[in-house]
Amino acid sequence: MTYRLTRRQLAWLRDASTTAEQRSAFFAKGPAEAAASGNMKTNVIVHRPMVRGTIVGDDSFEDSAQALEAANTFMADCAKQAADAGVVLDEIALGIDDRNRSVMEMCGDANLAVERILHLGAIVANPDGCREDLENLLDDLRDLQDDPASPIWRSIPISVMPSDEDEDEFEAMSDEEAREILADRLRDKGLFGFLVLIRTPVPTSFCEHGYGFSWGYTTGRHFYDETIEGAVKQGAAWAEEFRAAERAKHEAKKEAGKQ
């Protein structure tokens with residue numbers, strides 16, 4: 001996926017207060033790419049060095065490898081300039097980091113759909129104001145209460161639900177009482193991060209280098225982490241393991257059919 005600058009990154013680069021050394025530190029991070037462009041009249045394609053989604057230098061090359069080499073040279077020069085100036089760029093503090101891009105790329109690469117994101121800290125702070133989100137979480141937990149091996153329990157390592165002794169009492173509670181208890185338990189356990197419901201298609205067929213699927217037939221799991229990126233990263237690993245297991249079952253079934 002070709003790198004593209006975000007709107008905030010563009011604004012920061014164009015800001016007069018951004019120093020040349022800061023820009024060097026920014027571009028030193030990469031990635032380096034070769035951008036191709038063509039002339040429809042002459043049918044000639046040329047390649048230009050590109051770093052972090054920005055064309056660098058005025059040179060163009062017939063060979064993409066040469067353009068990529070020039071981009072890497074530019075990155076190395078930027079790294080030296082930043083190091084000589086003692087500039088360490090805190091992109092998170094500046095609000096120009098790539099966490100959102102990382103989430104986008106992980107979802108694309110791992111074939112994930114993020115169905116729901118719950119910020120548990122916001123729910124704890126104002127349970128009445130987040131009633132719908134809290135009820136969604138409550139419904140999920142109630143549905144899975146009888147299955148301690150369920151993925152949601154592995155996503156939230158410390159159970160926030162009542163123990164076996166007061167399970168019947170919990171079931172008899174009104175939704176309002178249950179919401180209050182759930183919010184209190186999230187607060188007590190220090191669970192203030194993100195609970196993300198992620199879905200991926202269930203493979204319907206396999207070939208050597210891929211698989212067939214439809215977004216009308218999916219499976220999903222909840223993942224908890226202090227950041228959305230961390231939860232999606234867990235989801236990407238899970239999806240890879242899930243597809244590998246499905247492929248193994250497919251291969252075993254195919255082998256059994258040969259016998």
# chains A, B, ... in the order shown; residues from 1 in each chain; ligands from 1
>>> residues_around(residues="range 52-63 of chain A", least_positions_apart="2", cutoff="12 Å", atoms="only C-alpha atoms", output="count of residues only")
47
>>> closest_atom_pairs(of="range 174-195 of chain A", to="range 132-138 of chain A", cutoff="10 Å", atoms="only C-alpha atoms", output="JSON lines")
{"residue": "A:Asp175", "atom": "CA", "partner": "A:Glu135", "partner_atom": "CA", "distance": 7.8}
{"residue": "A:Glu176", "atom": "CA", "partner": "A:Glu135", "partner_atom": "CA", "distance": 9.2}
{"residue": "A:Ala178", "atom": "CA", "partner": "A:Leu138", "partner_atom": "CA", "distance": 7.8}
{"residue": "A:Arg179", "atom": "CA", "partner": "A:Leu134", "partner_atom": "CA", "distance": 6.5}
{"residue": "A:Glu180", "atom": "CA", "partner": "A:Leu134", "partner_atom": "CA", "distance": 9.4}
{"residue": "A:Leu182", "atom": "CA", "partner": "A:Leu138", "partner_atom": "CA", "distance": 7.6}
{"residue": "A:Ala183", "atom": "CA", "partner": "A:Leu134", "partner_atom": "CA", "distance": 8.0}
{"residue": "A:Leu195", "atom": "CA", "partner": "A:Leu137", "partner_atom": "CA", "distance": 9.0}
>>> closest_residue(among="A:Ser102, A:Ala122, A:Arg116, A:Ala83", to="Asp140 in chain A", atoms="only C-alpha atoms")
A:Arg116
>>> select_by_dssp(residues="range 59-237 of chain A", states="strand (DSSP E)", output="list in words")
Ala113, Val114, Glu115, Arg116, Ile117, Leu118, His119, Phe194, Leu195, Val196, Leu197, Ile198, Arg199, Thr200, Pro201, Ser205, Phe206, Cys207, Gly210, Tyr211, Gly212, Thr218, Thr219, Gly220, Arg221, His222, Phe223, Tyr224 and Asp225 of chain A
>>> atom_distance(atom1="CA of Gly216 in chain A", atom2="CA of Pro201 in chain A")
7.7 Å
>>> closest_residue(among="A:Gly121, A:Gly257, A:Pro127, A:Pro203", to="Glu226 in chain A", atoms="only C-alpha atoms")
A:Gly121
